[in-house]
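Below is one structure; the comments refer to it alone.
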Amino acid sequence: MRLSKYFVPTLKEVPSDATVPSHILMLRAGMVRMLSAGIYSFLPLGYKVVKKVCEIIREEMDAIGGQEFHLPALNPKEIWEETGRVEAFGDILFHIKNRDYVLAPTHEEIMTFHARNVVKSYKDMPQIWYQIQTKFRNEPRPRSGVIRGRQFLMKDSYSFDISWEALDKSYELHDKAYRKIFDRCGLKYFAVGASSGAMGGTGSEEFMVKSAAGEDTVAYCESCGYAANVEVATSKPFMRKRDSESKSVYEIHTPNVKSIDELCAFLNIEEEVCAKSRVYISNGEAVLILMQGNDEVNETKLEKVLGGNVRPAHPDELKEITGADAGSIGPIGFNGKIVADLRLKDRNNLFSGANKNDYHIGGIDLMRDVPKIQYADLRIVQSGEGCPNCDKLLEVFPAIELGHIFKLGTKYSESMKAFFLDESGKEKPIIMGSYGIGVERVIACFIEQNHDTKGIVWNKTLAPFTVHLISINPKNEKVARTCETVYNEFQQNGIDVLYDDRDASPGFKFNDADLLGMPVQVVIGEKKLKEEKVEVKIRKTDERFDVNLRELTENIRNLIETKI
RNA sequence: CGGGGCGUGGCUCAGCCCGGUUAGAGCGCCUGGUUCGGGACCAGGAGGUCGGAGGUUCAAAUCCUCUCGCCCCGACCA
């Protein structure tokens with residue numbers, strides 16, 4: 001492709017509304033343009049990458065027996081009402097105004113609709129059906145370019161099996177396929193166990209990429225591979241022991257002392273001897289939660305302990321329940337359920353609020369003074385704490401979810417009456433799984449992981465072109481003629497080449513080439529041509545060397561095979 | 001949905017607080033010429049209802065009200 005005829009509007013300056021590297025670079029490299037918040041147009045160069053990712057996905061899905069479909073994005077609302085998901089999705093689901101249609105945010109219902117009409121016998125299974133298609137979700141806040149959009153491309157697949165054991169196989173196949181896909185794309189990723197959320201189901205795994213632009217927070221152990229969303233992550237934090245002697249309880253006047261830090265400074269004590277109080281409302285009942293020092297309450301864990309939803313008490317409720325405002329609440333004199341984090345188990349000589357504004361209490365012995373206390377793991381895990389599975393340390397960081405695999409079970413087959421007859425002629429619901437990959441996220445994550453100050457650094461798998469051919473001075477006849485020859489020869493040898501034949505200054509072309517980031521650059525200029533040589537540059541390493549013109553194609557082919 | 005910020009040629013921004021010539025700059029674009037190994041130079045030129053609507057005023061990019069859009073933080077997130 002000749003750059004002079006190719007629509008690649010590169011930008012020298014950073015567009016003002018982009019902040020994350022992948023977004024900035026996709027705009028600057030002329031891959032995408034925004035149409036509206038969370039809605040992006042892919043330009044030719046960007047779409048070429050999309051097609052490459054899709055092709056890898058297709059190959060790996062086909063390899064596990066997947067069959068590609070193409071389902072409508074426009075769906076009758078009544079199918080979605082069969083599973084109750086019109087309500088479940090709420091405002092996220094786009095509704096068509098002049099007919100009872102919705103824009104599909106995912107396709108469990110539609111796949112199940114087709115399955116129930118044709119998959120009637122145990123002999124018809126297993127099936128793996130997939131598609132790569134545009135999804136629509138009315139995200140309240142799209143962000144980070146294509147990472148969270150209102151319209152996006154997703155590979156979604158669905159497995160139909162006769163038993164849970166068979167589902168395990170389909171799930172395993174997807175797990176392996178996903179790893180191959182992400183490996184082939186050159187992504188550094190890891191898999192975490194996750195709660196299946198509103199999708200329903202019994203088991204799920206998320207494929208994540210570490211990134212500052214991520215919206216999930218995960219705890220990860222480099223050493224043993226333990227990885228979990230912080231919502232469910234556990235750790236081995238440092239546990240402070242009970243002092244050998246317990247002091248008796250005493251009240252301290254602490255005017256204007258609210259936070260743990262203020263308390264520590266005021267009394268000149270360590271954070272570890274403080275029991276921070278939080279009041280939650282669970283099933284209409286006030287529960288006091290005690291955490292050590294500045295440890296934060298993990299509400300997901302708390303909900304599991306208390307059963308059902310929890311919410312923090314409002315300030316006026318606090319006053320009514322405890323007699324004090326936030327900052328002066330504590331376990332002594334609190335009438336109600338008390339749950340403390342494991343880090344406080346059986347501890348003594350603790351400081352906490354007095355349930356009286358501007359007063360704290362010291363010398364608290366949880367064994368002696370708070371007899372009805374219950375203990376549970378309630379902390380949000382933090383970086384540097386011990387991995388629960390090995391003796392190394394955890395790292396906590398934000399991550400982007402690339403893909404998600406679920407064991408759905410019978411949620412959809414039962415509500416939509418997708419039944420089959422087993423060997424004994426008994427009617428049973430189909431056992432389903434669903435599996436998704438965000439196509440644009442694969443691209444954005446790759447760029448997040450593979451860029452430098454000058455631009456994108458593609459690998460040969462995803463690069464829109466393998467070689468970027470730069471003509472230094474196209475007005476020089478020999479340069480122009482040589483470039484044309486090389487360009488043709490590359491193409492005849494199956495080397496996908498982008499040829500910068502524009503009449504622009506060398507620096508301009510070099511910078512564009514670095515921005516676009518093709519793995520290999522071939523520079524043809526008058527100077528080196530005098531010795532029948534051209535310069536070859538590896539984008540990733542910035543390595544440059546001269547190659548004899550006559551050996552160029554052979555050399556580049558070797559380079560592609562071995563070095564990039 | 002709460003908080004903050006922004007909206008001025010294609011892009012990045014200045015001007016706004018304190019209203020007053022013809023609304024500026026850099027980049028990009030067009031024409032001609034020179035140049036050609038890391039975002040070249042000279043000369044000439046095109047391009048703006050200052051997001052939109054209403055109001056105040058002799059006078060509004062500038063002040064006020066409403067509205068739309070975009071970004072960031074939070075809430076939410078299959």
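Residues in the structure tokens are named by chain (A, B, ... in the order shown) and by number from 1 within that chain; ligands are numbered from 1 in the order shown.
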
Do me a favour and pick out the residues of chain B within 12 Å of chain A, using only C-alpha atoms (C1' of nucleotides), as a short mmCIF file (atom, residue, chain, number, x, y, z; two decimals) with N, CA, C and O atoms (P, O5', C5', C4', C3', O3' and C1' of nucleotides), in the first residue's frame.
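The result, written out as selection.cif:
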```cif
data_model
loop_
_atom_site.label_atom_id
_atom_site.label_comp_id
_atom_site.auth_asym_id
_atom_site.auth_seq_id
_atom_site.Cartn_x
_atom_site.Cartn_y
_atom_site.Cartn_z
P C B 1 -29.24 11.41 34.39
"O5'" C B 1 -28.51 11.33 35.81
"C5'" C B 1 -29.32 11.26 36.95
"C4'" C B 1 -28.45 10.97 38.12
"C3'" C B 1 -27.38 12.01 38.42
"O3'" C B 1 -27.89 13.16 39.08
"C1'" C B 1 -26.46 9.84 38.65
P G B 5 -14.64 23.58 38.15
"O5'" G B 5 -13.96 23.10 36.78
"C5'" G B 5 -12.55 23.06 36.67
"C4'" G B 5 -12.14 22.35 35.42
"C3'" G B 5 -12.54 23.00 34.11
"O3'" G B 5 -11.72 24.09 33.76
"C1'" G B 5 -12.95 20.68 33.99
P C B 6 -12.37 25.33 32.96
"O5'" C B 6 -12.54 24.73 31.49
"C5'" C B 6 -11.40 24.36 30.73
"C4'" C B 6 -11.82 23.50 29.57
"C3'" C B 6 -12.67 24.17 28.50
"O3'" C B 6 -11.90 24.98 27.64
"C1'" C B 6 -13.55 22.03 28.97
P G B 7 -12.62 26.17 26.86
"O5'" G B 7 -13.46 25.40 25.76
"C5'" G B 7 -12.79 24.57 24.81
"C4'" G B 7 -13.80 23.92 23.88
"C3'" G B 7 -14.51 24.89 22.94
"O3'" G B 7 -14.66 24.27 21.66
"C1'" G B 7 -16.11 23.70 24.20
P G B 10 -12.69 23.57 10.89
"O5'" G B 10 -11.68 22.35 11.02
"C5'" G B 10 -12.18 21.02 10.94
"C4'" G B 10 -11.02 20.08 11.00
"C3'" G B 10 -10.20 20.15 12.28
"O3'" G B 10 -10.73 19.30 13.27
"C1'" G B 10 -8.76 20.33 10.41
P C B 11 -10.60 19.70 14.81
"O5'" C B 11 -9.04 19.48 15.08
"C5'" C B 11 -8.51 18.18 15.25
"C4'" C B 11 -7.07 18.27 15.68
"C3'" C B 11 -6.83 19.06 16.95
"O3'" C B 11 -7.04 18.28 18.12
"C1'" C B 11 -5.33 19.79 15.30
P U B 12 -7.44 19.01 19.48
"O5'" U B 12 -6.11 19.79 19.88
"C5'" U B 12 -4.97 19.07 20.34
"C4'" U B 12 -3.87 20.03 20.70
"C3'" U B 12 -4.28 21.12 21.68
"O3'" U B 12 -4.25 20.67 23.02
"C1'" U B 12 -3.09 22.09 19.88
P C B 13 -5.27 21.33 24.06
"O5'" C B 13 -5.21 22.88 23.72
"C5'" C B 13 -5.00 23.83 24.71
"C4'" C B 13 -4.29 25.04 24.16
"C3'" C B 13 -4.90 26.38 24.53
"O3'" C B 13 -4.62 26.73 25.88
"C1'" C B 13 -4.20 26.44 22.28
P G B 26 2.23 31.97 13.47
"O5'" G B 26 2.51 30.49 14.02
"C5'" G B 26 3.60 30.25 14.89
"C4'" G B 26 3.51 28.84 15.43
"C3'" G B 26 3.29 27.76 14.37
"O3'" G B 26 4.49 27.38 13.73
"C1'" G B 26 1.76 27.45 16.15
P C B 27 4.44 26.92 12.22
"O5'" C B 27 3.64 25.55 12.27
"C5'" C B 27 4.22 24.38 12.84
"C4'" C B 27 3.20 23.29 12.99
"C3'" C B 27 2.53 22.82 11.70
"O3'" C B 27 3.34 21.92 10.96
"C1'" C B 27 0.89 23.13 13.36
P G B 28 3.33 21.99 9.37
"O5'" G B 28 1.86 21.52 9.03
"C5'" G B 28 1.45 20.18 9.27
"C4'" G B 28 -0.01 20.02 8.97
"C3'" G B 28 -0.44 20.40 7.56
"O3'" G B 28 -0.24 19.34 6.65
"C1'" G B 28 -1.90 21.39 9.13
P U B 35 17.59 23.38 -4.56
"O5'" U B 35 17.21 22.84 -3.12
"C5'" U B 35 18.15 22.88 -2.07
"C4'" U B 35 17.53 22.44 -0.78
"C3'" U B 35 17.57 20.94 -0.51
"O3'" U B 35 18.85 20.53 -0.08
"C1'" U B 35 15.47 21.83 0.14
P C B 36 19.40 19.20 -0.68
"O5'" C B 36 18.73 18.09 0.24
"C5'" C B 36 18.69 18.27 1.67
"C4'" C B 36 17.74 17.25 2.25
"C3'" C B 36 18.12 15.82 1.89
"O3'" C B 36 17.90 15.01 3.02
"C1'" C B 36 15.89 16.27 1.22
P G B 37 19.20 14.55 3.88
"O5'" G B 37 18.45 13.37 4.64
"C5'" G B 37 17.49 13.65 5.64
"C4'" G B 37 17.77 12.79 6.83
"C3'" G B 37 19.14 12.98 7.46
"O3'" G B 37 19.05 12.75 8.85
"C1'" G B 37 18.95 10.79 6.68
P G B 38 18.52 13.88 9.86
"O5'" G B 38 16.96 13.59 9.74
"C5'" G B 38 16.00 14.64 9.89
"C4'" G B 38 15.10 14.35 11.07
"C3'" G B 38 15.70 14.68 12.42
"O3'" G B 38 14.67 15.16 13.28
"C1'" G B 38 15.04 12.44 12.39
P G B 39 14.28 16.80 12.99
"O5'" G B 39 13.04 16.65 12.02
"C5'" G B 39 11.87 15.99 12.48
"C4'" G B 39 10.71 16.43 11.64
"C3'" G B 39 10.29 17.89 11.83
"O3'" G B 39 9.67 18.28 10.61
"C1'" G B 39 8.52 16.47 12.44
P A B 40 10.54 18.93 9.44
"O5'" A B 40 11.22 20.20 10.06
"C5'" A B 40 10.95 21.45 9.52
"C4'" A B 40 12.14 21.94 8.71
"C3'" A B 40 11.89 23.31 8.12
"O3'" A B 40 12.14 24.30 9.11
"C1'" A B 40 12.83 21.87 6.48
P C B 41 11.12 25.49 9.27
"O5'" C B 41 11.60 26.40 8.05
"C5'" C B 41 12.92 26.93 8.07
"C4'" C B 41 13.25 27.54 6.74
"C3'" C B 41 12.26 28.57 6.23
"O3'" C B 41 12.42 29.83 6.86
"C1'" C B 41 12.87 27.14 4.47
P G B 69 -26.25 15.57 24.79
"O5'" G B 69 -24.75 15.84 24.35
"C5'" G B 69 -24.37 15.72 22.98
"C4'" G B 69 -22.98 16.25 22.77
"C3'" G B 69 -21.89 15.58 23.57
"O3'" G B 69 -21.51 14.35 22.99
"C1'" G B 69 -21.59 17.91 23.66
P C B 70 -21.01 13.16 23.92
"O5'" C B 70 -19.53 13.62 24.29
"C5'" C B 70 -18.53 13.67 23.31
"C4'" C B 70 -17.29 14.34 23.84
"C3'" C B 70 -16.70 13.74 25.11
"O3'" C B 70 -15.95 12.57 24.85
"C1'" C B 70 -16.75 16.08 25.32
P C B 71 -15.82 11.47 26.00
"O5'" C B 71 -14.71 12.11 26.94
"C5'" C B 71 -13.39 12.32 26.47
"C4'" C B 71 -12.58 13.06 27.50
"C3'" C B 71 -12.55 12.41 28.88
"O3'" C B 71 -11.61 11.36 28.94
"C1'" C B 71 -13.01 14.70 29.12
P C B 72 -11.86 10.15 29.96
"O5'" C B 72 -11.50 10.80 31.36
"C5'" C B 72 -10.19 11.23 31.65
"C4'" C B 72 -10.15 11.95 32.97
"C3'" C B 72 -10.73 11.18 34.15
"O3'" C B 72 -9.82 10.23 34.67
"C1'" C B 72 -11.56 13.38 34.18
P C B 73 -10.40 8.90 35.33
"O5'" C B 73 -10.92 9.42 36.75
"C5'" C B 73 -10.03 9.94 37.71
"C4'" C B 73 -10.79 10.39 38.94
"C3'" C B 73 -11.79 9.38 39.49
"O3'" C B 73 -11.18 8.36 40.26
"C1'" C B 73 -12.79 11.50 39.40
P G B 74 -11.83 6.91 40.28
"O5'" G B 74 -13.25 7.14 40.98
"C5'" G B 74 -13.32 7.35 42.39
"C4'" G B 74 -14.71 7.76 42.78
"C3'" G B 74 -15.81 6.72 42.63
"O3'" G B 74 -15.79 5.74 43.65
"C1'" G B 74 -16.60 8.82 41.90
P A B 75 -16.28 4.27 43.36
"O5'" A B 75 -17.84 4.45 43.12
"C5'" A B 75 -18.72 4.67 44.22
"C4'" A B 75 -20.15 4.77 43.73
"C3'" A B 75 -20.64 3.59 42.90
"O3'" A B 75 -21.12 2.54 43.73
"C1'" A B 75 -21.13 5.58 41.77
P C B 76 -20.83 1.02 43.34
"O5'" C B 76 -21.51 0.89 41.90
"C5'" C B 76 -22.93 0.86 41.77
"C4'" C B 76 -23.30 0.84 40.31
"C3'" C B 76 -22.76 -0.34 39.51
"O3'" C B 76 -23.57 -1.50 39.66
"C1'" C B 76 -22.34 1.64 38.32
P C B 77 -22.85 -2.93 39.79
"O5'" C B 77 -22.25 -3.15 38.34
"C5'" C B 77 -23.09 -3.28 37.20
"C4'" C B 77 -22.27 -3.29 35.94
"C3'" C B 77 -21.22 -4.39 35.86
"O3'" C B 77 -21.79 -5.60 35.40
"C1'" C B 77 -20.24 -2.33 35.27
P A B 78 -21.50 -6.97 36.17
"O5'" A B 78 -22.80 -7.86 35.97
"C5'" A B 78 -23.78 -7.51 35.01
"C4'" A B 78 -23.77 -8.50 33.88
"C3'" A B 78 -22.63 -9.51 33.89
"O3'" A B 78 -22.94 -10.60 34.74
"C1'" A B 78 -22.91 -8.59 31.73
#
```

Exercise: Leu103 (chain A) partners within 7 Å, only C-alpha atoms (C1' of nucleotides), chain neighbours under 5 positions left out, as a list in words
Ala73, Leu74, Asn75, Leu93, Phe94, His95 and Phe136 of chain A

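For A23 (chain B), the set of protein, DNA and RNA residues having any atom at most 12 Å away, when counting only C-alpha atoms (C1' of nucleotides) and skipping those fewer than 3 positions along the same chain, is U8, G9, A14, G15, G48, C50, A61 and U62 of chain B.
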
What would the file look like if the residues just selected were written as an mmCIF file, in the first residue's frame with N, CA and C atoms (P, O5', C5', C4', C3', O3' and C1' of nucleotides)?
```cif
data_model
loop_
_atom_site.group_PDB
_atom_site.id
_atom_site.type_symbol
_atom_site.label_atom_id
_atom_site.label_comp_id
_atom_site.auth_asym_id
_atom_site.auth_seq_id
_atom_site.Cartn_x
_atom_site.Cartn_y
_atom_site.Cartn_z
ATOM 1 P P U B 8 -13.538 24.488 20.591
ATOM 2 O "O5'" U B 8 -13.569 26.066 20.385
ATOM 3 C "C5'" U B 8 -14.681 26.688 19.769
ATOM 4 C "C4'" U B 8 -14.256 27.988 19.169
ATOM 5 C "C3'" U B 8 -13.043 27.904 18.240
ATOM 6 O "O3'" U B 8 -13.431 27.505 16.930
ATOM 7 C "C1'" U B 8 -12.724 29.657 19.759
ATOM 8 P P G B 9 -13.019 26.108 16.412
ATOM 9 O "O5'" G B 9 -12.677 26.463 14.900
ATOM 10 C "C5'" G B 9 -11.714 25.716 14.207
ATOM 11 C "C4'" G B 9 -11.812 26.113 12.762
ATOM 12 C "C3'" G B 9 -10.961 25.241 11.860
ATOM 13 O "O3'" G B 9 -11.740 24.836 10.745
ATOM 14 C "C1'" G B 9 -10.498 27.534 11.491
ATOM 15 P P A B 14 -5.607 27.723 26.630
ATOM 16 O "O5'" A B 14 -5.250 29.139 25.978
ATOM 17 C "C5'" A B 14 -3.980 29.716 26.233
ATOM 18 C "C4'" A B 14 -3.801 31.028 25.516
ATOM 19 C "C3'" A B 14 -4.752 32.164 25.854
ATOM 20 O "O3'" A B 14 -4.519 32.719 27.136
ATOM 21 C "C1'" A B 14 -4.228 32.185 23.553
ATOM 22 P P G B 15 -5.708 33.225 28.064
ATOM 23 O "O5'" G B 15 -6.369 34.347 27.141
ATOM 24 C "C5'" G B 15 -5.751 35.620 26.982
ATOM 25 C "C4'" G B 15 -6.534 36.443 26.000
ATOM 26 C "C3'" G B 15 -7.953 36.813 26.449
ATOM 27 O "O3'" G B 15 -7.934 37.993 27.225
ATOM 28 C "C1'" G B 15 -7.980 36.016 24.204
ATOM 29 P P G B 48 -14.937 30.173 6.872
ATOM 30 O "O5'" G B 48 -14.597 30.200 8.410
ATOM 31 C "C5'" G B 48 -14.589 28.985 9.186
ATOM 32 C "C4'" G B 48 -14.753 29.333 10.637
ATOM 33 C "C3'" G B 48 -15.972 30.186 10.955
ATOM 34 O "O3'" G B 48 -16.992 29.359 11.494
ATOM 35 C "C1'" G B 48 -13.993 30.930 12.112
ATOM 36 P P C B 50 -20.031 32.993 16.589
ATOM 37 O "O5'" C B 50 -18.787 32.215 17.158
ATOM 38 C "C5'" C B 50 -18.707 30.797 17.145
ATOM 39 C "C4'" C B 50 -17.610 30.379 18.070
ATOM 40 C "C3'" C B 50 -17.967 30.427 19.547
ATOM 41 O "O3'" C B 50 -17.286 29.375 20.206
ATOM 42 C "C1'" C B 50 -16.157 31.869 19.148
ATOM 43 P P A B 61 -19.232 38.524 20.242
ATOM 44 O "O5'" A B 61 -18.415 37.216 20.583
ATOM 45 C "C5'" A B 61 -19.085 35.975 20.793
ATOM 46 C "C4'" A B 61 -18.266 35.085 21.678
ATOM 47 C "C3'" A B 61 -18.203 35.518 23.142
ATOM 48 O "O3'" A B 61 -19.273 34.967 23.869
ATOM 49 C "C1'" A B 61 -16.019 35.096 22.317
ATOM 50 P P U B 62 -19.944 35.739 25.065
ATOM 51 O "O5'" U B 62 -18.734 36.167 26.005
ATOM 52 C "C5'" U B 62 -18.041 35.212 26.790
ATOM 53 C "C4'" U B 62 -16.942 35.903 27.558
ATOM 54 C "C3'" U B 62 -17.445 36.887 28.601
ATOM 55 O "O3'" U B 62 -16.670 36.779 29.782
ATOM 56 C "C1'" U B 62 -16.034 37.996 27.058
#
```

Mind listing the strand (DSSP E) residues of region 396-518 of chain A, per DSSP on the backbone, as a PyMOL selection string?
chain A and resi 396-409+419-421+427-429+431-438+467-471+497-500

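When CA of Met208 (chain A) is paired with CA of Ala399 (chain A), their separation reads 6.0 Å.
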
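Distance annotation: of A:Phe190, A:Tyr47, A:Phe465, A:Trp164, the residue with the minimal separation from Met26 (chain A) is A:Tyr47; atom set is only C-alpha atoms.
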
If you count only C-alpha atoms (C1' of nucleotides), which residues fall within 12 Å of C66 (chain B), apart from same-chain ones fewer than 2 positions away, as an MDAnalysis selection string?
chainID B and resid 52:55 64 68

Go ahead and save the picked residues with all heavy atoms, as a compact mmCIF listing (two decimals), in the first residue's frame.
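This is the output file again-v6.txt:
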```
# COMPACT_ATOMS: atom_id res chain seq x y z
P G B 52 -22.32 28.39 18.32
OP1 G B 52 -22.38 28.91 16.93
OP2 G B 52 -21.87 29.27 19.42
O5' G B 52 -23.76 27.81 18.71
C5' G B 52 -24.47 26.98 17.80
C4' G B 52 -25.77 26.57 18.40
O4' G B 52 -25.52 25.81 19.62
C3' G B 52 -26.67 27.72 18.87
O3' G B 52 -27.42 28.27 17.81
C2' G B 52 -27.55 27.03 19.91
O2' G B 52 -28.55 26.25 19.30
C1' G B 52 -26.53 26.10 20.57
N9 G B 52 -25.91 26.73 21.75
C8 G B 52 -24.63 27.21 21.85
N7 G B 52 -24.37 27.71 23.04
C5 G B 52 -25.55 27.53 23.75
C6 G B 52 -25.88 27.87 25.09
O6 G B 52 -25.16 28.41 25.94
N1 G B 52 -27.18 27.53 25.40
C2 G B 52 -28.07 26.94 24.54
N2 G B 52 -29.30 26.69 25.02
N3 G B 52 -27.78 26.62 23.29
C4 G B 52 -26.51 26.94 22.96
P A B 53 -27.85 29.78 17.89
OP1 A B 53 -28.46 30.11 16.59
OP2 A B 53 -26.71 30.58 18.40
O5' A B 53 -28.99 29.78 19.01
C5' A B 53 -30.23 29.12 18.77
C4' A B 53 -31.11 29.21 19.99
O4' A B 53 -30.47 28.52 21.09
C3' A B 53 -31.35 30.62 20.53
O3' A B 53 -32.34 31.32 19.82
C2' A B 53 -31.75 30.32 21.97
O2' A B 53 -33.08 29.84 22.05
C1' A B 53 -30.79 29.17 22.31
N9 A B 53 -29.55 29.69 22.92
C8 A B 53 -28.34 29.92 22.32
N7 A B 53 -27.42 30.38 23.14
C5 A B 53 -28.07 30.46 24.36
C6 A B 53 -27.66 30.88 25.63
N6 A B 53 -26.43 31.31 25.91
N1 A B 53 -28.57 30.83 26.64
C2 A B 53 -29.81 30.40 26.37
N3 A B 53 -30.33 29.98 25.22
C4 A B 53 -29.40 30.03 24.24
P G B 54 -32.22 32.90 19.75
OP1 G B 54 -33.32 33.35 18.87
OP2 G B 54 -30.83 33.26 19.43
O5' G B 54 -32.52 33.38 21.24
C5' G B 54 -33.85 33.32 21.74
C4' G B 54 -33.85 33.49 23.24
O4' G B 54 -32.85 32.61 23.83
C3' G B 54 -33.46 34.86 23.78
O3' G B 54 -34.48 35.82 23.65
C2' G B 54 -33.14 34.52 25.23
O2' G B 54 -34.32 34.30 25.97
C1' G B 54 -32.40 33.19 25.05
N9 G B 54 -30.95 33.44 24.96
C8 G B 54 -30.13 33.38 23.84
N7 G B 54 -28.88 33.68 24.11
C5 G B 54 -28.88 33.95 25.48
C6 G B 54 -27.82 34.34 26.34
O6 G B 54 -26.63 34.53 26.06
N1 G B 54 -28.26 34.52 27.64
C2 G B 54 -29.55 34.35 28.08
N2 G B 54 -29.78 34.57 29.37
N3 G B 54 -30.55 33.98 27.28
C4 G B 54 -30.14 33.81 26.01
P G B 55 -34.06 37.34 23.43
OP1 G B 55 -35.31 38.11 23.24
OP2 G B 55 -33.00 37.38 22.42
O5' G B 55 -33.42 37.74 24.83
C5' G B 55 -34.24 37.83 25.99
C4' G B 55 -33.40 38.00 27.23
O4' G B 55 -32.31 37.03 27.24
C3' G B 55 -32.67 39.33 27.37
O3' G B 55 -33.53 40.38 27.77
C2' G B 55 -31.63 38.97 28.43
O2' G B 55 -32.19 38.95 29.73
C1' G B 55 -31.23 37.55 28.01
N9 G B 55 -30.01 37.53 27.21
C8 G B 55 -29.87 37.26 25.87
N7 G B 55 -28.63 37.32 25.46
C5 G B 55 -27.92 37.66 26.59
C6 G B 55 -26.51 37.88 26.77
O6 G B 55 -25.61 37.80 25.93
N1 G B 55 -26.21 38.22 28.08
C2 G B 55 -27.13 38.33 29.10
N2 G B 55 -26.65 38.66 30.30
N3 G B 55 -28.44 38.13 28.94
C4 G B 55 -28.75 37.80 27.68
P C B 64 -21.29 35.08 34.39
OP1 C B 64 -20.94 34.57 35.73
OP2 C B 64 -20.92 34.32 33.17
O5' C B 64 -22.86 35.34 34.34
C5' C B 64 -23.54 35.99 35.40
C4' C B 64 -25.03 36.00 35.12
O4' C B 64 -25.28 36.79 33.92
C3' C B 64 -25.62 34.64 34.78
O3' C B 64 -25.92 33.91 35.95
C2' C B 64 -26.86 35.01 33.98
O2' C B 64 -27.91 35.42 34.83
C1' C B 64 -26.35 36.22 33.19
N1 C B 64 -25.87 35.86 31.84
C2 C B 64 -26.82 35.63 30.82
O2 C B 64 -28.02 35.72 31.11
N3 C B 64 -26.40 35.32 29.58
C4 C B 64 -25.10 35.23 29.31
N4 C B 64 -24.74 34.92 28.07
C5 C B 64 -24.11 35.45 30.33
C6 C B 64 -24.54 35.76 31.56
P C B 68 -29.84 19.03 27.79
OP1 C B 68 -30.79 17.91 27.74
OP2 C B 68 -29.05 19.31 29.01
O5' C B 68 -28.81 18.88 26.58
C5' C B 68 -29.28 18.74 25.24
C4' C B 68 -28.15 18.93 24.26
O4' C B 68 -27.64 20.29 24.36
C3' C B 68 -26.91 18.08 24.51
O3' C B 68 -27.06 16.76 24.05
C2' C B 68 -25.86 18.85 23.73
O2' C B 68 -26.01 18.65 22.33
C1' C B 68 -26.25 20.29 24.06
N1 C B 68 -25.49 20.81 25.22
C2 C B 68 -24.17 21.26 25.02
O2 C B 68 -23.69 21.18 23.88
N3 C B 68 -23.47 21.74 26.06
C4 C B 68 -24.03 21.80 27.28
N4 C B 68 -23.30 22.28 28.27
C5 C B 68 -25.36 21.35 27.51
C6 C B 68 -26.06 20.86 26.46
```

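CA of Leu173 (chain A) sits 17.3 Å away from CA of Leu402 (chain A).
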
Using backbone DSSP assignments, extract all helix (DSSP H, G or I) residues from region 76-198 of chain A; output them as a ChimeraX atom specification.
/A:77-82,85-92,108-118,122-124,145-147,164-185,197-198

Just-selected residues, C-alpha atoms written as a tab-separated table (two decimals), in the first residue's frame:
```tsv
chain	number	residue	atom	x	y	z
A	77	LYS	CA	-37.75	-7.47	23.18
A	78	GLU	CA	-40.04	-10.41	24.01
A	79	ILE	CA	-37.17	-12.91	23.76
A	80	TRP	CA	-35.31	-10.88	26.36
A	81	GLU	CA	-38.36	-10.86	28.57
A	82	GLU	CA	-38.37	-14.66	28.66
A	85	ARG	CA	-33.03	-9.69	31.46
A	86	VAL	CA	-34.79	-6.59	30.16
A	87	GLU	CA	-35.12	-5.74	33.82
A	88	ALA	CA	-31.76	-7.21	34.82
A	89	PHE	CA	-29.86	-5.06	32.34
A	90	GLY	CA	-31.98	-2.00	33.10
A	91	ASP	CA	-30.61	1.16	31.59
A	92	ILE	CA	-27.63	-0.67	30.05
A	108	GLU	CA	-27.38	-15.86	25.28
A	109	GLU	CA	-31.07	-15.45	24.51
A	110	ILE	CA	-30.74	-15.57	20.74
A	111	MET	CA	-28.41	-18.57	20.73
A	112	THR	CA	-30.70	-20.38	23.16
A	113	PHE	CA	-33.67	-19.46	20.96
A	114	HIS	CA	-32.04	-21.24	18.03
A	115	ALA	CA	-30.82	-24.13	20.13
A	116	ARG	CA	-34.23	-24.92	21.57
A	117	ASN	CA	-35.66	-25.37	18.10
A	118	VAL	CA	-33.03	-27.72	16.78
A	122	TYR	CA	-28.46	-35.86	23.33
A	123	LYS	CA	-27.07	-36.91	19.93
A	124	ASP	CA	-27.09	-33.26	18.84
A	145	GLY	CA	-11.12	5.18	24.07
A	146	VAL	CA	-12.22	1.81	22.76
A	147	ILE	CA	-11.62	0.11	26.11
A	164	TRP	CA	-22.08	-30.85	33.76
A	165	GLU	CA	-19.11	-33.06	33.01
A	166	ALA	CA	-19.53	-32.35	29.32
A	167	LEU	CA	-19.79	-28.62	30.10
A	168	ASP	CA	-16.48	-28.89	31.95
A	169	LYS	CA	-14.95	-30.12	28.69
A	170	SER	CA	-16.38	-27.29	26.62
A	171	TYR	CA	-15.21	-24.84	29.27
A	172	GLU	CA	-11.71	-26.35	29.25
A	173	LEU	CA	-11.59	-26.14	25.46
A	174	HIS	CA	-12.42	-22.45	25.66
A	175	ASP	CA	-9.88	-21.87	28.38
A	176	LYS	CA	-7.17	-23.39	26.18
A	177	ALA	CA	-8.37	-21.59	23.06
A	178	TYR	CA	-8.38	-18.25	24.86
A	179	ARG	CA	-4.85	-18.78	26.08
A	180	LYS	CA	-3.74	-19.59	22.55
A	181	ILE	CA	-5.47	-16.53	21.16
A	182	PHE	CA	-3.90	-14.17	23.68
A	183	ASP	CA	-0.51	-15.85	23.37
A	184	ARG	CA	-0.58	-15.55	19.60
A	185	CYS	CA	-1.49	-11.89	19.89
A	197	GLY	CA	-22.19	-11.58	38.61
A	198	ALA	CA	-25.41	-10.94	36.78
```
